[in-house]
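The file upload32.cif contains mmCIF, C-alpha atoms:
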```cif
data_target
#
loop_
_atom_site.label_atom_id
_atom_site.label_comp_id
_atom_site.auth_asym_id
_atom_site.auth_seq_id
_atom_site.Cartn_x
_atom_site.Cartn_y
_atom_site.Cartn_z
CA MET A 16 135.20 -35.54 32.86
CA LYS A 17 131.71 -34.08 32.78
CA LEU A 18 131.87 -33.96 28.97
CA GLY A 19 132.77 -37.65 28.94
CA ILE A 20 129.79 -38.55 31.18
CA GLN A 21 127.39 -36.52 29.02
CA ARG A 22 128.68 -38.25 25.88
CA ILE A 23 128.11 -41.69 27.48
CA ARG A 24 124.55 -40.66 28.44
CA ARG A 25 123.82 -39.49 24.87
CA ILE A 26 125.17 -42.78 23.44
CA SER A 27 123.11 -44.79 25.98
CA ALA A 28 119.94 -42.84 25.14
CA ALA A 29 120.50 -43.34 21.42
CA ALA A 30 120.97 -47.06 21.95
CA THR A 31 117.73 -47.23 23.95
CA VAL A 32 115.84 -45.44 21.18
CA ALA A 33 117.34 -47.79 18.59
CA LEU A 34 116.41 -50.87 20.63
CA THR A 35 112.86 -49.59 21.19
CA ALA A 36 112.42 -48.84 17.49
CA GLY A 37 113.76 -52.27 16.64
CA ALA A 38 111.32 -53.89 19.03
CA VAL A 39 108.40 -51.98 17.51
CA LEU A 40 109.47 -52.97 13.99
CA ALA A 41 109.92 -56.59 15.05
CA GLY A 42 106.54 -56.56 16.76
CA GLY A 43 105.00 -55.16 13.60
CA ALA A 44 106.62 -57.92 11.56
CA PHE A 45 105.23 -60.57 13.92
CA ALA A 46 101.78 -58.98 13.76
CA THR A 47 101.90 -58.97 9.98
CA THR A 48 102.89 -62.62 9.96
CA ALA A 49 100.04 -63.50 12.34
CA GLN A 50 97.53 -61.62 10.22
CA ALA A 51 98.75 -63.31 7.06
CA ALA A 52 98.13 -66.73 8.69
CA THR A 53 94.40 -65.97 8.96
CA PRO A 54 92.71 -66.71 5.62
CA PRO A 55 90.49 -63.97 4.18
CA THR A 56 86.78 -64.57 4.67
CA PRO A 57 85.37 -65.94 1.40
CA LYS A 58 82.62 -64.18 -0.54
CA ILE A 59 79.89 -66.47 -1.80
CA VAL A 60 77.04 -65.95 -4.25
CA ALA A 61 74.55 -67.91 -2.13
CA LYS A 62 72.27 -65.86 0.12
CA GLY A 63 73.01 -68.09 3.09
CA GLY A 64 75.96 -70.19 4.18
CA PHE A 65 77.40 -72.02 7.16
CA VAL A 66 80.44 -74.21 7.80
CA MET A 67 81.57 -76.00 10.94
CA ASN A 68 84.22 -78.43 12.08
CA ASN A 69 82.30 -81.70 12.21
CA GLY A 70 84.54 -83.12 14.92
CA THR A 71 84.31 -80.25 17.39
CA GLY A 72 81.14 -78.49 16.26
CA LYS A 73 83.06 -75.21 16.07
CA THR A 74 81.54 -72.63 13.73
CA LEU A 75 83.98 -71.63 10.98
CA PHE A 76 81.84 -69.43 8.69
CA THR A 77 78.40 -67.83 8.71
CA LYS A 78 76.35 -65.80 6.26
CA ALA A 79 72.69 -65.31 7.18
CA ALA A 80 73.11 -68.71 8.84
CA ASP A 81 69.83 -68.55 10.77
CA THR A 82 67.60 -67.06 8.06
CA ARG A 83 64.84 -69.45 7.07
CA ARG A 84 64.82 -70.41 3.40
CA SER A 85 63.33 -73.00 1.09
CA THR A 86 65.58 -76.06 1.01
CA GLY A 87 64.61 -78.00 -2.11
CA SER A 88 65.78 -81.61 -2.12
CA THR A 89 68.24 -81.13 0.73
CA THR A 90 65.05 -81.99 2.65
CA LYS A 91 65.76 -85.61 1.69
CA ILE A 92 68.59 -85.68 4.24
CA MET A 93 65.87 -85.72 6.89
CA THR A 94 63.88 -88.33 4.94
CA ALA A 95 66.90 -90.64 5.09
CA ARG A 96 67.64 -89.71 8.72
CA VAL A 97 64.14 -90.69 9.83
CA VAL A 98 64.32 -94.02 7.99
CA LEU A 99 67.73 -94.90 9.42
CA ALA A 100 66.57 -94.15 12.96
CA GLN A 101 63.74 -96.72 12.81
CA LYS A 102 63.99 -99.40 15.47
CA GLY A 103 64.78 -102.83 14.09
CA LEU A 104 65.39 -101.42 10.61
CA ASN A 105 65.93 -104.09 7.97
CA LEU A 106 67.67 -102.48 5.02
CA ASN A 107 67.02 -105.59 2.92
CA SER A 108 63.24 -105.57 3.39
CA LYS A 109 61.46 -105.10 0.07
CA VAL A 110 58.99 -102.45 -1.00
CA THR A 111 56.72 -102.84 -4.02
CA VAL A 112 56.71 -99.76 -6.24
CA GLN A 113 53.17 -98.34 -6.44
CA LYS A 114 51.56 -96.48 -9.34
CA ALA A 115 50.94 -93.56 -6.95
CA TYR A 116 54.69 -92.93 -6.78
CA SER A 117 55.12 -92.59 -10.54
CA ASP A 118 51.89 -90.57 -10.85
CA TYR A 119 53.28 -88.16 -8.27
CA ILE A 120 56.49 -87.68 -10.26
CA VAL A 121 54.54 -86.91 -13.42
CA ALA A 122 52.13 -84.54 -11.66
CA LYS A 123 54.91 -82.59 -9.94
CA GLY A 124 57.48 -82.73 -12.74
CA ALA A 125 59.79 -84.00 -10.04
CA SER A 126 63.28 -85.51 -10.06
CA SER A 127 63.04 -89.27 -10.30
CA ALA A 128 64.86 -92.52 -9.53
CA ARG A 129 62.84 -93.97 -12.46
CA LEU A 130 61.28 -96.64 -10.27
CA ILE A 131 59.05 -99.01 -12.25
CA VAL A 132 55.59 -99.92 -10.98
CA GLY A 133 55.45 -103.48 -9.67
CA ASP A 134 59.20 -103.80 -9.08
CA LYS A 135 60.34 -104.88 -5.64
CA VAL A 136 63.20 -102.76 -4.29
CA THR A 137 64.95 -102.92 -0.94
CA VAL A 138 64.96 -100.11 1.60
CA ARG A 139 68.72 -99.79 1.03
CA GLN A 140 68.13 -99.40 -2.72
CA LEU A 141 65.48 -96.78 -2.06
CA LEU A 142 68.03 -94.80 -0.03
CA TYR A 143 70.38 -94.83 -3.03
CA GLY A 144 67.51 -93.79 -5.29
CA LEU A 145 66.63 -91.04 -2.82
CA MET A 146 70.09 -89.53 -2.35
CA LEU A 147 71.90 -90.03 -5.68
CA PRO A 148 69.44 -89.04 -8.44
CA SER A 149 67.30 -87.28 -5.80
CA GLY A 150 64.30 -89.47 -6.55
CA CYS A 151 61.05 -88.05 -5.25
CA ASP A 152 59.46 -91.41 -6.11
CA ALA A 153 61.94 -93.08 -3.75
CA ALA A 154 61.10 -90.49 -1.08
CA TYR A 155 57.39 -91.22 -1.51
CA ALA A 156 58.02 -94.97 -1.24
CA LEU A 157 59.99 -94.53 2.00
CA ALA A 158 57.36 -92.23 3.52
CA ASP A 159 54.65 -94.75 2.61
CA LYS A 160 56.71 -97.62 4.07
CA PHE A 161 57.74 -95.99 7.35
CA GLY A 162 54.74 -93.83 8.15
CA SER A 163 51.88 -95.33 10.16
CA GLY A 164 48.20 -95.42 9.27
CA SER A 165 45.60 -97.36 7.30
CA THR A 166 45.77 -95.14 4.21
CA ARG A 167 48.67 -93.87 2.12
CA ALA A 168 47.75 -90.27 2.92
CA ALA A 169 47.77 -91.04 6.65
CA ARG A 170 51.14 -92.78 6.39
CA VAL A 171 52.70 -89.87 4.52
CA LYS A 172 51.32 -87.41 7.08
CA SER A 173 52.69 -89.58 9.88
CA PHE A 174 56.13 -89.73 8.24
CA ILE A 175 56.31 -85.95 7.83
CA GLY A 176 55.35 -85.74 11.51
CA LYS A 177 58.37 -87.91 12.31
CA MET A 178 60.55 -85.53 10.28
CA ASN A 179 59.38 -82.59 12.36
CA SER A 180 59.68 -84.40 15.69
CA THR A 181 63.24 -85.41 14.74
CA ALA A 182 64.03 -81.78 13.90
CA LYS A 183 62.76 -80.78 17.35
CA THR A 184 64.83 -83.51 19.04
CA LEU A 185 67.95 -82.30 17.21
CA GLY A 186 67.30 -78.72 18.33
CA LEU A 187 66.65 -77.40 14.83
CA LYS A 188 64.56 -74.41 15.88
CA ASN A 189 64.34 -72.83 12.44
CA THR A 190 63.33 -75.94 10.53
CA HIS A 191 59.93 -77.24 9.45
CA PHE A 192 58.85 -79.83 6.91
CA ASP A 193 55.57 -80.13 5.07
CA SER A 194 56.77 -82.67 2.49
CA PHE A 195 58.88 -85.82 2.34
CA ASP A 196 61.00 -84.62 -0.59
CA GLY A 197 61.30 -80.82 -0.50
CA ILE A 198 58.49 -80.08 -2.94
CA GLY A 199 56.95 -77.90 -0.29
CA ASN A 200 53.42 -76.67 0.27
CA GLY A 201 54.36 -73.27 1.65
CA SER A 202 55.85 -74.32 4.96
CA ASN A 203 58.98 -76.30 4.14
CA TYR A 204 62.05 -74.42 5.32
CA SER A 205 65.34 -74.58 7.18
CA THR A 206 68.56 -72.59 7.59
CA PRO A 207 72.21 -73.18 6.68
CA ARG A 208 73.05 -73.82 10.35
CA ASP A 209 70.16 -76.22 10.93
CA LEU A 210 70.75 -78.20 7.74
CA THR A 211 74.43 -78.55 8.60
CA LYS A 212 73.55 -79.87 12.05
CA LEU A 213 71.03 -82.26 10.47
CA ALA A 214 73.62 -83.56 8.01
CA SER A 215 76.16 -83.98 10.81
CA SER A 216 73.63 -86.09 12.69
CA ALA A 217 72.82 -88.18 9.60
CA MET A 218 76.53 -88.78 8.93
CA LYS A 219 76.70 -90.73 12.19
CA TYR A 220 74.90 -93.56 10.38
CA SER A 221 77.33 -95.72 8.40
CA THR A 222 74.72 -96.49 5.75
CA PHE A 223 74.12 -92.80 5.17
CA ARG A 224 77.87 -92.13 4.86
CA THR A 225 78.24 -94.98 2.37
CA VAL A 226 75.32 -93.82 0.23
CA VAL A 227 76.12 -90.10 0.03
CA LYS A 228 79.77 -90.61 -0.94
CA THR A 229 78.81 -92.93 -3.83
CA LYS A 230 79.30 -91.34 -7.26
CA SER A 231 77.23 -93.94 -9.13
CA THR A 232 75.72 -97.36 -8.56
CA LYS A 233 74.00 -100.19 -10.41
CA GLN A 234 71.38 -102.02 -8.37
CA LYS A 235 69.67 -105.33 -9.16
CA VAL A 236 65.93 -105.20 -8.46
CA THR A 237 63.18 -107.79 -8.74
CA THR A 238 60.55 -107.23 -11.42
CA LYS A 239 56.80 -107.80 -11.11
CA SER A 240 57.10 -111.06 -13.06
CA GLY A 241 59.79 -112.40 -10.74
CA GLY A 242 62.73 -111.67 -12.99
CA TYR A 243 65.22 -108.91 -12.42
CA ARG A 244 66.56 -105.71 -13.92
CA TYR A 245 69.39 -103.30 -13.13
CA MET A 246 68.80 -99.73 -12.08
CA SER A 247 71.67 -97.25 -12.60
CA TRP A 248 71.86 -94.08 -10.53
CA THR A 249 74.37 -91.23 -10.65
CA ASN A 250 74.93 -88.75 -7.83
CA THR A 251 73.89 -85.16 -8.55
CA ASN A 252 76.63 -83.93 -6.17
CA LYS A 253 79.42 -82.77 -8.51
CA LEU A 254 81.86 -82.32 -5.61
CA LEU A 255 82.42 -86.07 -5.53
CA GLY A 256 85.47 -86.77 -7.63
CA THR A 257 86.23 -83.08 -8.24
CA TYR A 258 87.04 -81.89 -4.72
CA SER A 259 89.76 -83.67 -2.78
CA GLY A 260 88.30 -85.40 0.26
CA ALA A 261 84.61 -84.83 -0.61
CA ILE A 262 82.34 -87.33 1.19
CA GLY A 263 78.81 -86.00 0.50
CA VAL A 264 76.15 -84.80 1.10
CA LYS A 265 73.10 -83.60 -0.94
CA THR A 266 72.04 -81.16 -3.65
CA GLY A 267 68.78 -79.29 -3.83
CA SER A 268 66.98 -76.95 -6.20
CA GLY A 269 63.59 -75.46 -6.89
CA PRO A 270 61.74 -72.32 -8.01
CA THR A 271 62.03 -70.73 -4.56
CA ALA A 272 65.04 -72.65 -3.22
CA LYS A 273 67.12 -71.82 -6.35
CA TYR A 274 70.32 -73.89 -5.94
CA CYS A 275 71.31 -75.45 -2.62
CA LEU A 276 74.05 -77.78 -1.46
CA VAL A 277 74.89 -79.49 1.81
CA PHE A 278 78.53 -80.58 1.61
CA ALA A 279 81.25 -82.35 3.59
CA ALA A 280 84.88 -83.27 3.08
CA THR A 281 87.67 -84.86 5.10
CA ARG A 282 91.37 -84.04 4.87
CA ASN A 283 94.13 -85.14 7.24
CA GLY A 284 91.60 -86.37 9.78
CA LYS A 285 89.62 -83.11 9.82
CA THR A 286 86.05 -83.04 8.50
CA VAL A 287 84.32 -79.81 7.57
CA ILE A 288 80.60 -79.81 6.87
CA GLY A 289 78.34 -77.01 5.72
CA THR A 290 75.50 -75.66 3.63
CA VAL A 291 74.83 -73.03 1.00
CA LEU A 292 71.24 -71.99 0.30
CA THR A 293 69.76 -69.92 -2.52
CA SER A 294 72.72 -69.78 -4.87
CA THR A 295 72.14 -68.65 -8.44
CA SER A 296 73.19 -71.68 -10.47
CA GLU A 297 74.45 -75.24 -10.17
CA ALA A 298 77.98 -74.06 -11.01
CA ASN A 299 77.86 -71.28 -8.40
CA ARG A 300 76.59 -73.51 -5.59
CA THR A 301 79.49 -75.89 -6.28
CA ALA A 302 81.99 -73.02 -6.41
CA ASP A 303 80.52 -71.57 -3.18
CA ALA A 304 80.91 -74.92 -1.42
CA LYS A 305 84.52 -75.33 -2.57
CA LYS A 306 85.39 -71.83 -1.31
CA LEU A 307 83.86 -72.57 2.07
CA MET A 308 85.56 -75.93 2.46
CA ASP A 309 88.94 -74.44 1.46
CA TYR A 310 88.38 -71.78 4.10
CA GLY A 311 87.26 -74.33 6.69
CA PHE A 312 90.37 -76.45 6.23
CA LYS A 313 92.62 -73.39 6.74
CA LYS A 314 90.86 -72.26 9.92
#
```
With the file now loaded, output its structure as structure tokens.
Amino acid sequence: MKLGIQRIRRISAAATVALTAGAVLAGGAFATTAQAATPPTPKIVAKGGFVMNNGTGKTLFTKAADTRRSTGSTTKIMTARVVLAQKGLNLNSKVTVQKAYSDYIVAKGASSARLIVGDKVTVRQLLYGLMLPSGCDAAYALADKFGSGSTRAARVKSFIGKMNSTAKTLGLKNTHFDSFDGIGNGSNYSTPRDLTKLASSAMKYSTFRTVVKTKSTKQKVTTKSGGYRYMSWTNTNKLLGTYSGAIGVKTGSGPTAKYCLVFAATRNGKTVIGTVLTSTSEANRTADAKKLMDYGFKK
């Protein structure tokens, strides 16, 4: 009888061990499955990067996200943001293209919307010229139009002041502008996090959203003689049409800035928005952005 009891105890103990081992193995399997569901953090060439969920504001990726860097023409996001925030803005009001704008382009060797002196273009058209071909002449025209003062220099200074006050209002603590187009004078900088927040704010304006998702456009403008001509502009953002769901936002480049890109895409009702700064080539900034958006959609 005692032998029988001992045998039962040994069988019970063995069963307990087997069950415990099975539970551990099962737990390990579940853990492995959970780990596999988390996408690996992407490696990007750019020195700085940031991605967030545009709907919730949740941070999805950071790499030196608060390090101040030169921003190149991504600065023009703020140029557009300041214009669109003007009270009583009339997008159809016309601006006469001044010789100073074309002289500036030549002097700086800057990217251009190829505006022609004497032509009358609307504010809306200037926004397309600003954001698609990254026209520094269009940026100058907008700064001259929406700054205040009796001289062009005073108006430009006033407009840049509005850019900085807007940055302060938006809580962009690591951002400062000293130009209307990103051709800085030593103190034009931002961070991946700040630029992403700026772009998110700008995307609240329907006109901005419409402009930055446009791959190309042909605009009818009035000539000096009263006739008309068509201006054709193509977006420098190669994500449009090559990345599913891409909706913007703006490229940038420069000797110090290298290659920058503020990007956004929407899939299945989820919008991710982000920035890469100081990448090594146009191809790499695009590849960096695609990696980060892929990652953002999986998070």
Counting all atoms listed in the file, what is within 10 Å of segment 209-217 of chain A, bar same-chain residues fewer than 6 positions away, as number ranges by chain?
-> A: 64-70, 72, 80-83, 86, 89-90, 92-93, 95-97, 99-100, 181-182, 185-190, 223-224, 263-265, 276-279, 287-292
Which residues, written as a PyMOL selection string, have at least one atom at most 10 Å from segment 159-167 of chain A, with only C-alpha atoms counted and residues fewer than 2 positions away on the same chain left out?
-> chain A and resi 97-98+101+104+109-111+113+115-116+138+153-157+169-177+195
Would you mind listing, for every residue of segment 155-273 of chain A within 10 Å of segment 302-309 of chain A, the two atoms forming the shortest contact and the distance between them in Å to one decimal, using only C-alpha atoms, sorted by chain and ascending residue number, as CSV?
```
residue,atom,partner,partner_atom,distance
A:Leu254,CA,A:Lys305,CA,8.1
A:Thr257,CA,A:Lys305,CA,9.8
A:Tyr258,CA,A:Lys305,CA,7.3
A:Ser259,CA,A:Lys305,CA,9.9
A:Ala261,CA,A:Met308,CA,9.5
```
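Take the PyMOL selection byres ((chain A and resi 145) around 9) and apply it to this file: it picks Lys91, Thr94, Ala95, Ser127, Ala128, Gln140, Leu141, Leu142, Tyr143, Gly144, Met146, Leu147, Pro148, Ser149, Gly150, Cys151, Asp152, Ala153, Ala154, Leu157 and Asp196 of chain A.
Counting from atom CA of Lys273 of chain A, the distance to atom CA of Ile59 of chain A is 14.6 Å.
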Measuring atom to atom with only C-alpha atoms, identify which of A:Pro55, A:Gly241, A:Gly103, A:Gly311 is nearest to Lys285 of chain A.
-> A:Gly311
Please provide the set of residues having any atom within 12 Å of Arg244 of chain A, restricted to only C-alpha atoms, with same-chain residues fewer than 5 positions apart removed, written as a count of residues only.
-> 12
So how far away is atom CA of Ser85 of chain A from atom CA of Thr295 of chain A, in Å?
->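 Atom-to-atom, atom CA of Thr295 of chain A to atom CA of Ser85 of chain A, that is 13.7 Å.
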Name every residue that the PyMOL selection byres ((chain A and resi 314) around 9) selects in this structure, writing the answer as a ChimeraX atom specification with chains first and numbers rising.
-> /A:53-54,75,309-313
For Ser247 of chain A, which residue among A:Ser126, A:Thr232, A:Thr77, A:Asn203 is the nearest when counting all atoms listed in the file?
->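 So, comparing all the options, the nearest one is A:Thr232.
Going from atom CA of Gly260 of chain A to atom CA of Lys62 of chain A covers 25.3 Å.
Distances here use only C-alpha atoms; by that measure, the residue among A:Val132, A:Ala272, A:Ala280, A:Met178 closest to Thr293 of chain A is A:Ala272.
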Within-8 Å shell of (73.8, -74.4, -7.9) in input frame, all atoms listed in the file, as a list of chain:residue names = A:Ser268, A:Lys273, A:Tyr274, A:Cys275, A:Leu276, A:Ser294, A:Thr295, A:Ser296, A:Glu297, A:Ala298, A:Asn299, A:Arg300, A:Thr301
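Checking A:Ala158, A:Thr74, A:Lys114, A:Asn107 one by one against Arg139 of chain A, counting all atoms listed in the file, you find the shortest gap at A:Asn107.
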